[in-house]
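Trainee: Here you go, one structure.
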There are 2 protein chains.
Amino acid sequence: MTSAADLFATHRTRLDEAVQACASRGYHSAFDESPSPRVYGEEAAAQGKAAYDAWLGTDFPIRTPGSEGTVATERSPYGVDLAVRYPRVKDVDALMAAARAGMKGWRDAGPEGRTGVCLEILHRLHGRVFELANAVQHTSGQAFVMAFQAGGAHALDRALEAVAYAYTEMTRTPATARWEKPGKHPIAMEKTFTVVPRGVALVIGCNTFPTWNSWPGLFASLVTGNPVVVKPHPGAVLPLAITVQVCREVLEECGFAPDLLTLAAEDPADKLAATLAIRPEVRLIDFTGGNAFGDWLEDNARQAVVFTEKAGVNTVVVDSTDSFKAMCQNLAFSFALYSGQMCTAPQNVYLPTDGIETDEGHKSLAEVGAGIDAAFGKLLGDDARAVELLGGVVNGAVLDRLADAPGTGEVLVASREITHPSYADATVRTPTLIALDAAKDAEVYETECFGPVAYLIGTDGTDASIALFRDTVQRHGAMTASVYSTDGGVVEQMREAALDAGVALSENLLGAVFVNQSAAFSDFHGTGANPAANASYTDGAYVASRFRVIQSRRHV
Amino acid sequence: MTSAADLFATHRTRLDEAVQACASRGYHSAFDESPSPRVYGEEAAAQGKAAYDAWLGTDFPIRTPGSEGTVATERSPYGVDLAVRYPRVKDVDALMAAARAGMKGWRDAGPEGRTGVCLEILHRLHGRVFELANAVQHTSGQAFVMAFQAGGAHALDRALEAVAYAYTEMTRTPATARWEKPGKHPIAMEKTFTVVPRGVALVIGCNTFPTWNSWPGLFASLVTGNPVVVKPHPGAVLPLAITVQVCREVLEECGFAPDLLTLAAEDPADKLAATLAIRPEVRLIDFTGGNAFGDWLEDNARQAVVFTEKAGVNTVVVDSTDSFKAMCQNLAFSFALYSGQMCTAPQNVYLPTDGIETDEGHKSLAEVGAGIDAAFGKLLGDDARAVELLGGVVNGAVLDRLADAPGTGEVLVASREITHPSYADATVRTPTLIALDAAKDAEVYETECFGPVAYLIGTDGTDASIALFRDTVQRHGAMTASVYSTDGGVVEQMREAALDAGVALSENLLGAVFVNQSAAFSDFHGTGANPAANASYTDGAYVASRFRVIQSRRHV
């Protein structure tokens with residue numbers, strides 16, 4: 001049997017570096033983001049692809065207590081049915097009982113033991129990163145390199161970040177303390193402090209980022225002692241099935257109950273997430289997805305602490321720029337990356353109807369649209385290159401919204417269908433850019449239009465843009481915001497507005513950093529301070545309420 | 001104008017020591033608990049009493065926006081109407097607007113500035129500790145020394161503890177960071193991280209511990225940037241009025257809006273707490289009190305993070321002892337202290353119906369009762385000494401419960417009326433001890449009977465006692481638990497049960513430490529892991545969600 005303590009020792013340096021990075025919030029990465037053979041070896045890519053391919057059409061070998069029969073619900077946006085069959089949950093009582101059965105042993109492993117096990121899990125997931133990348137690609141539709149990075153290396157970094165925060169939080173209180181009260185009759189006591197779990201944790205995955213958005217909550221809950229039930233999105237099960245498989249394997253090797261991690265797959269008609277979410281055993285819920293179910297969870301899963309990331313309206317305020325081309329290119333990339341199917345993708349661009357000052361002279365709103373179109377041309381003109389940025393359209397709802405978009409305003413850039421050079425049945429689209437009027441079209445731009453749709457919205461001027469930004473985000477939420485201005489005063493106003501609205505701000509991004517990307521250990525993802533999300537990856541608040549400390553004391 | 005930065009420098013050592021104490025959880029106190037003239041000077045006690053007396057029958061000089069007219073609602077358990085008049089809140093819109101008006105300035109003061117101001121407030125409250133002790137005594141009914149300690153020095157320590165935790169939490173993320181991603185084309189960014197408040201914080205005070213139970217939440221919310229509306233219990237306004245007065249005075253001296261702290265007094269019929277609690281501006285609520293309103297808050301104040309301390313059934317498991325007299329004395333003290341009107345006072349004593357083994361031989365349940373009665377005799381036999389331990393009965397509801405108690409079981413020790421040597425109209429009672437049967441009387445002992453009522457509950461043996469303890473606490477909650485046993489195995493079983501039930505455990509207390517006392521910086525008060533409270537004073541979870549961090553980033 002592998003000892004959890006040994007695993008802690010093995011991975012101690014990785015932990016210490018992560019803890020240090022969280023405190024400094026400088027650059028840090030524990031898992032190389034380059035899928036290059038120079039980093040991962042000549043065989044890794046092919047082996048990972050083969051491992052992924054081997055799952056197709058099979059029964060995924062995982063045991064889920066309370067399951068009966070199987071479901072196969074995944075179809076790749078690249079046009080292939082995965083046809084992987086997973087145990088279908090039927091008996092939730094049995095599932096809950098099995099999840100809880102291992103709690104005591106896991107609790108008694110203590111913060112270091114649990115941290116060691118979780119770090120070993122991350123290490124083994126990293127060993128399967130190419131397989132995971134293929135699984136993420138063919139469930140989310142992300143292009144391969146993005147799936148490798150966002151769904152693999154960066155997701156591992158985010159998971160490690162959550163483990164590091166939770167470890168720090170659990171060990172803020174010593175395991176034992178000696179209390180000696182001075183005085184004429186001094187009193188001495190010995191005190192014991194034990195980290196105890198809250199109960200069963202439920203992680204509800206999403207279709208677009210099955211690993212990146214699920215792992216922080218999964219590992220934050222697991223490392224703090226809670227059994228975790230993973231309810232994947234029916235369209236993106238495989239990446240989480242692999243995750244649960246690895247978790248169970250390591251737990252079992254270390255003598256813990258594998259049912260501390262269970263995969264709860266379903267037919268979409270089962271509405272399993274809603275059933276699980278209100279179970280009294282479930283005390284923690286992590287959810288990424290739409291407002292309707294997120295709001296429902298917050299309203300109904302009252303027995304649990306609920307962490308939600310929902311919809312928002314990500315906003316860019318454009319006032320002026322000294323690098324018009326670079327600005328357009330940066331914006332175009334952000335719109336195009338994974339076809340705008342990111343909770344962090346910008347949607348609303350507020351700029352004066354009169355246009356803006358740039359290094360290329362005054363640009364009207366239409367000219368800004370043309371600038372972005374030209375940038376799209378460079379980025380997306382070649383289909384073979386374009387698909388590596390756009391990826392595939394994750395599902396029909398995105399296509400429906402894209403089809404409706406031209407009716408909402410003046411089309412500055414139309415969406416274009418792209419033929420994937422390798423996958424004939426892939427659904428790939430370029431973004432559309434629509435011109436709107438701030439005063440008239442609030443109904444359109446105050447709603448998230450998830451997918452490759454962005455709006456250039458004419459305002460009465462930059463002051464009006466900033467006021468509108470503050471208002472939109474306060475009322476409808478946002479995961480990201482950015483500003484372009486050569487005027488320090490405007491940037492300062494935007495910082496103030498971002499503090500008021502409770503959203504992170506990127507300023508004058510012109511190079512290889514994009515507003516939709518957040519770097520683990522340095523950038524917080526979400527703030528918890530606006531309606532788009534009630535929590536942040538990863539800060540103290542994200543981990544502190546996932547466990548409790550129970551003390552005992554005695555005289556010595 | 002006093003500078004917040006200067007105040008931070010002034011009080012830096014006090015902060016550092018408190019932060020260190022929170023991490024070690026050894027003994028620490030920043031405010032001397034002895035009201036002796038040797039500590040506080042010859043004049044302090046008389047001056048404090050005079051300051052308190054001067055308030056009686058006056059208009060308390062405090063401005064509350066949105067108030068109209070005054071209310072006077074306090075009557076001392078020692079028999080005097082305080083007749084202090086406070087502004088009565090009428091216009092909640094105006095109150096909320098005033099509270100929010102100063103938020104930006106307070107946010108911009110930053111963690112250090114706000115911490116400096118809060119530490120100065122604690123310093124000045126300490127300067128008025130005798131006045132506060134009198135105010136606590138004559139609103140809660142606590143005897144003077146207890147009012148000085150629990151309501152003064154210890155409350156200051158708990159407030160300091162909350163400030164220290166919040167300071168640590170706010171400064172976990174640096175104010176700025178430099179992010180440099182290596183590579184062929186290195187990327188450098190500068191990032192700014194700003195702590196922002198959640199919104200208006202509402203503190204709902206209780207009658208028995210107006211300062212001790214209110215200050216941790218008040219200072220945790222204030223130091224993290226939130227304006228605080230203090231809604232005192234109508235029976236215990238003065239201690240919090242003085243608190244708010246000091247807060248406003250220091251805020252104003254430092255150039256901040258005094259309305260960041262407001263006193264929201266009411267006539268009990270106004271139901272002001274319920275009105276305030278569901279205001280959209282209110283994002284944090286701290287409440288100590290009964291289950292009915294606590295549950296209502298959790299169910300209805302959905303826009304806020306709600307920290308509640310409600311009712312519980314504090315339990316003692318008696319298995320055996322090698323110091324029968326000391327055990328009885330320790331228990332008797334815990335029952336008698338402030339007439340059992342503490343959320344931490346033990347109520348249910350589970351012991352075998354057959355009795356227990358002791359250093360004085362086998363003792364039947366009745367003999368344990370007699371042992372406690374004998375200890376009461378020593379502690380409470382002399383009226384003049386007894387009142388210094390018992391204090392006064394806080395209100396009629398406690399008397400009603402005491403009157404009903406004899407009907408619930410066999411009276412082992414009857415309650416006795418005591419004549420206060422200094423206050424002829426004081427209401428003082430000794431505790432009653434009732435024998436119950438574990439199997440038959442669940443309805444009685446599974447409910448909190450707040451006040452001087454304790455039960456000796458006969459079980460089938462220690463295993464049954466421990467099982468019953470686990471079950472009672474899981475279902476009905478507890479703030480404290482304790483065990484008496486000479487058998488290490490039994491103590492170990494109780495530790496396990498306490499971890500399962502989520503309650504702090506005191507083992508074999510025989511001397512000058514009592515189960516109802518928790519020491520700031522070392523003992524957690526409540527756990528958040530059972531129904532009695534959803535939070536703990538003070539840990540990371542108590543402070544982490546009171547603020548958010550908003551970042552901005554830019555290339556350098």
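Ordered as shown in the structure tokens, chains take letters A, B, and onward, while each chain numbers its residues from 1 and ligands are numbered from 1 in the order shown.
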Extract, using only C-alpha atoms, all DNA, RNA and protein residues at most 6 Å from stretch 543-556 of chain A, discarding same-chain residues fewer than 3 positions from it, and format them as a list of chain:residue names.
Mentor: A:Ala166, A:Ala188, A:Met189, A:Glu190, A:Lys191, A:Thr192, A:Phe193, A:Thr194, A:Val195, A:Val196, A:Pro197, A:Arg198, A:Thr224, A:Gly540, B:Ala504, B:Leu505, B:Ser506, B:Glu507, B:Gly540, B:Ala541
Trainee: Could you go through stretch 328-484 of chain B and tell me which residues DSSP, when run on the backbone, assigns to alpha helix (DSSP H), listing them as a ChimeraX atom specification?
Mentor: /B:328-336,365-380,383-390,396-404,442-445,462-476
Trainee: Selected residues, C-alpha atoms, written as an mmCIF file, in the first residue's frame, please.
Mentor:
data_model
loop_
_atom_site.group_PDB
_atom_site.id
_atom_site.type_symbol
_atom_site.label_atom_id
_atom_site.label_comp_id
_atom_site.auth_asym_id
_atom_site.auth_seq_id
_atom_site.Cartn_x
_atom_site.Cartn_y
_atom_site.Cartn_z
ATOM 1 C CA CYS B 328 -19.261 18.353 41.119
ATOM 2 C CA GLN B 329 -17.771 21.743 41.900
ATOM 3 C CA ASN B 330 -16.747 22.336 38.320
ATOM 4 C CA LEU B 331 -20.183 21.355 37.038
ATOM 5 C CA ALA B 332 -21.963 23.388 39.703
ATOM 6 C CA PHE B 333 -19.933 26.454 38.772
ATOM 7 C CA SER B 334 -20.779 26.000 35.107
ATOM 8 C CA PHE B 335 -24.499 25.687 35.873
ATOM 9 C CA ALA B 336 -24.446 28.689 38.197
ATOM 10 C CA LEU B 365 -27.514 9.284 39.853
ATOM 11 C CA ALA B 366 -29.201 10.774 42.922
ATOM 12 C CA GLU B 367 -25.851 10.894 44.719
ATOM 13 C CA VAL B 368 -24.305 12.763 41.790
ATOM 14 C CA GLY B 369 -27.198 15.200 42.123
ATOM 15 C CA ALA B 370 -26.472 15.487 45.840
ATOM 16 C CA GLY B 371 -22.801 16.077 45.097
ATOM 17 C CA ILE B 372 -23.665 18.945 42.785
ATOM 18 C CA ASP B 373 -26.116 20.269 45.377
ATOM 19 C CA ALA B 374 -23.339 20.252 47.974
ATOM 20 C CA ALA B 375 -21.142 22.180 45.562
ATOM 21 C CA PHE B 376 -23.971 24.675 44.996
ATOM 22 C CA GLY B 377 -24.088 25.018 48.774
ATOM 23 C CA LYS B 378 -20.457 26.093 48.874
ATOM 24 C CA LEU B 379 -20.710 28.387 45.890
ATOM 25 C CA LEU B 380 -24.112 29.908 46.491
ATOM 26 C CA ASP B 383 -26.303 35.426 49.179
ATOM 27 C CA ALA B 384 -23.740 38.200 48.944
ATOM 28 C CA ARG B 385 -21.208 35.849 47.325
ATOM 29 C CA ALA B 386 -23.859 34.062 45.282
ATOM 30 C CA VAL B 387 -24.966 37.167 43.410
ATOM 31 C CA GLU B 388 -21.414 37.750 42.187
ATOM 32 C CA LEU B 389 -21.570 34.404 40.413
ATOM 33 C CA LEU B 390 -25.253 34.227 39.442
ATOM 34 C CA GLY B 396 -39.213 37.156 32.193
ATOM 35 C CA ALA B 397 -38.914 34.330 29.663
ATOM 36 C CA VAL B 398 -36.092 32.829 31.720
ATOM 37 C CA LEU B 399 -38.227 33.020 34.878
ATOM 38 C CA ASP B 400 -41.107 31.340 33.060
ATOM 39 C CA ARG B 401 -38.906 28.441 31.966
ATOM 40 C CA LEU B 402 -37.526 28.124 35.471
ATOM 41 C CA ALA B 403 -41.068 28.000 36.845
ATOM 42 C CA ASP B 404 -42.009 25.241 34.392
ATOM 43 C CA ALA B 442 -36.395 13.228 25.000
ATOM 44 C CA GLU B 443 -38.962 15.913 24.386
ATOM 45 C CA VAL B 444 -37.692 17.789 27.437
ATOM 46 C CA TYR B 445 -33.940 17.445 27.067
ATOM 47 C CA THR B 462 -21.681 5.184 28.942
ATOM 48 C CA ASP B 463 -21.906 3.736 25.416
ATOM 49 C CA ALA B 464 -25.541 4.806 25.351
ATOM 50 C CA SER B 465 -24.581 8.215 26.753
ATOM 51 C CA ILE B 466 -22.050 8.739 23.993
ATOM 52 C CA ALA B 467 -24.460 7.591 21.288
ATOM 53 C CA LEU B 468 -27.114 9.907 22.682
ATOM 54 C CA PHE B 469 -24.607 12.768 22.835
ATOM 55 C CA ARG B 470 -23.675 12.274 19.185
ATOM 56 C CA ASP B 471 -27.302 12.124 18.156
ATOM 57 C CA THR B 472 -28.544 15.066 20.225
ATOM 58 C CA VAL B 473 -25.806 17.367 18.982
ATOM 59 C CA GLN B 474 -26.126 16.337 15.337
ATOM 60 C CA ARG B 475 -29.843 17.015 15.402
ATOM 61 C CA HIS B 476 -30.157 19.915 17.831
#
Trainee: Could you please determine the separation between atom CA of A:Leu240 and atom CA of A:Thr211 in Å, to one decimal place?
Mentor: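 Separation between atom CA of A:Leu240 and atom CA of A:Thr211: 6.7 Å.
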Trainee: Taking 2 positions as the minimum chain separation for residues in the same chain, which residues sit within 8 Å of A:Glu161 when counting only C-alpha atoms? Answer as an MDAnalysis selection string.
Mentor: chainID A and resid 18:19 22 157:159 163:165 216 520:521 538
Trainee: Between B:Tyr52, B:Tyr27, B:Tyr40, B:Tyr537, which one has atoms that come closest to chain A, using only C-alpha atoms?
Mentor: B:Tyr27
Trainee: Counting only C-alpha atoms, what is within 8 Å of B:Gly511, bar same-chain residues fewer than 2 positions away, as a list in words?
Mentor: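 The filter keeps Ala326, Asn330, Leu509, Val513 and Phe514 of chain B.
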Trainee: Atom CA of A:Gly312 and atom CA of A:Met479, how far apart in Å?
Mentor: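 Between atom CA of A:Met479 and atom CA of A:Gly312 the gap works out to 6.3 Å.
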Trainee: Skip A:Lys181 itself and residues of its chain fewer than 3 positions away, then list as a PyMOL selection string all residues within 10 Å of it, counting only C-alpha atoms.
Mentor: (chain A and resi 178+184-189) or (chain B and resi 26-29)
Trainee: Counting only C-alpha atoms, which of A:Ala265, A:Thr358, A:Gly113, A:Ala201 gets nearest to A:Arg85?
Mentor: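 Answer, going by the shortest atom-to-atom distance: A:Ala265.
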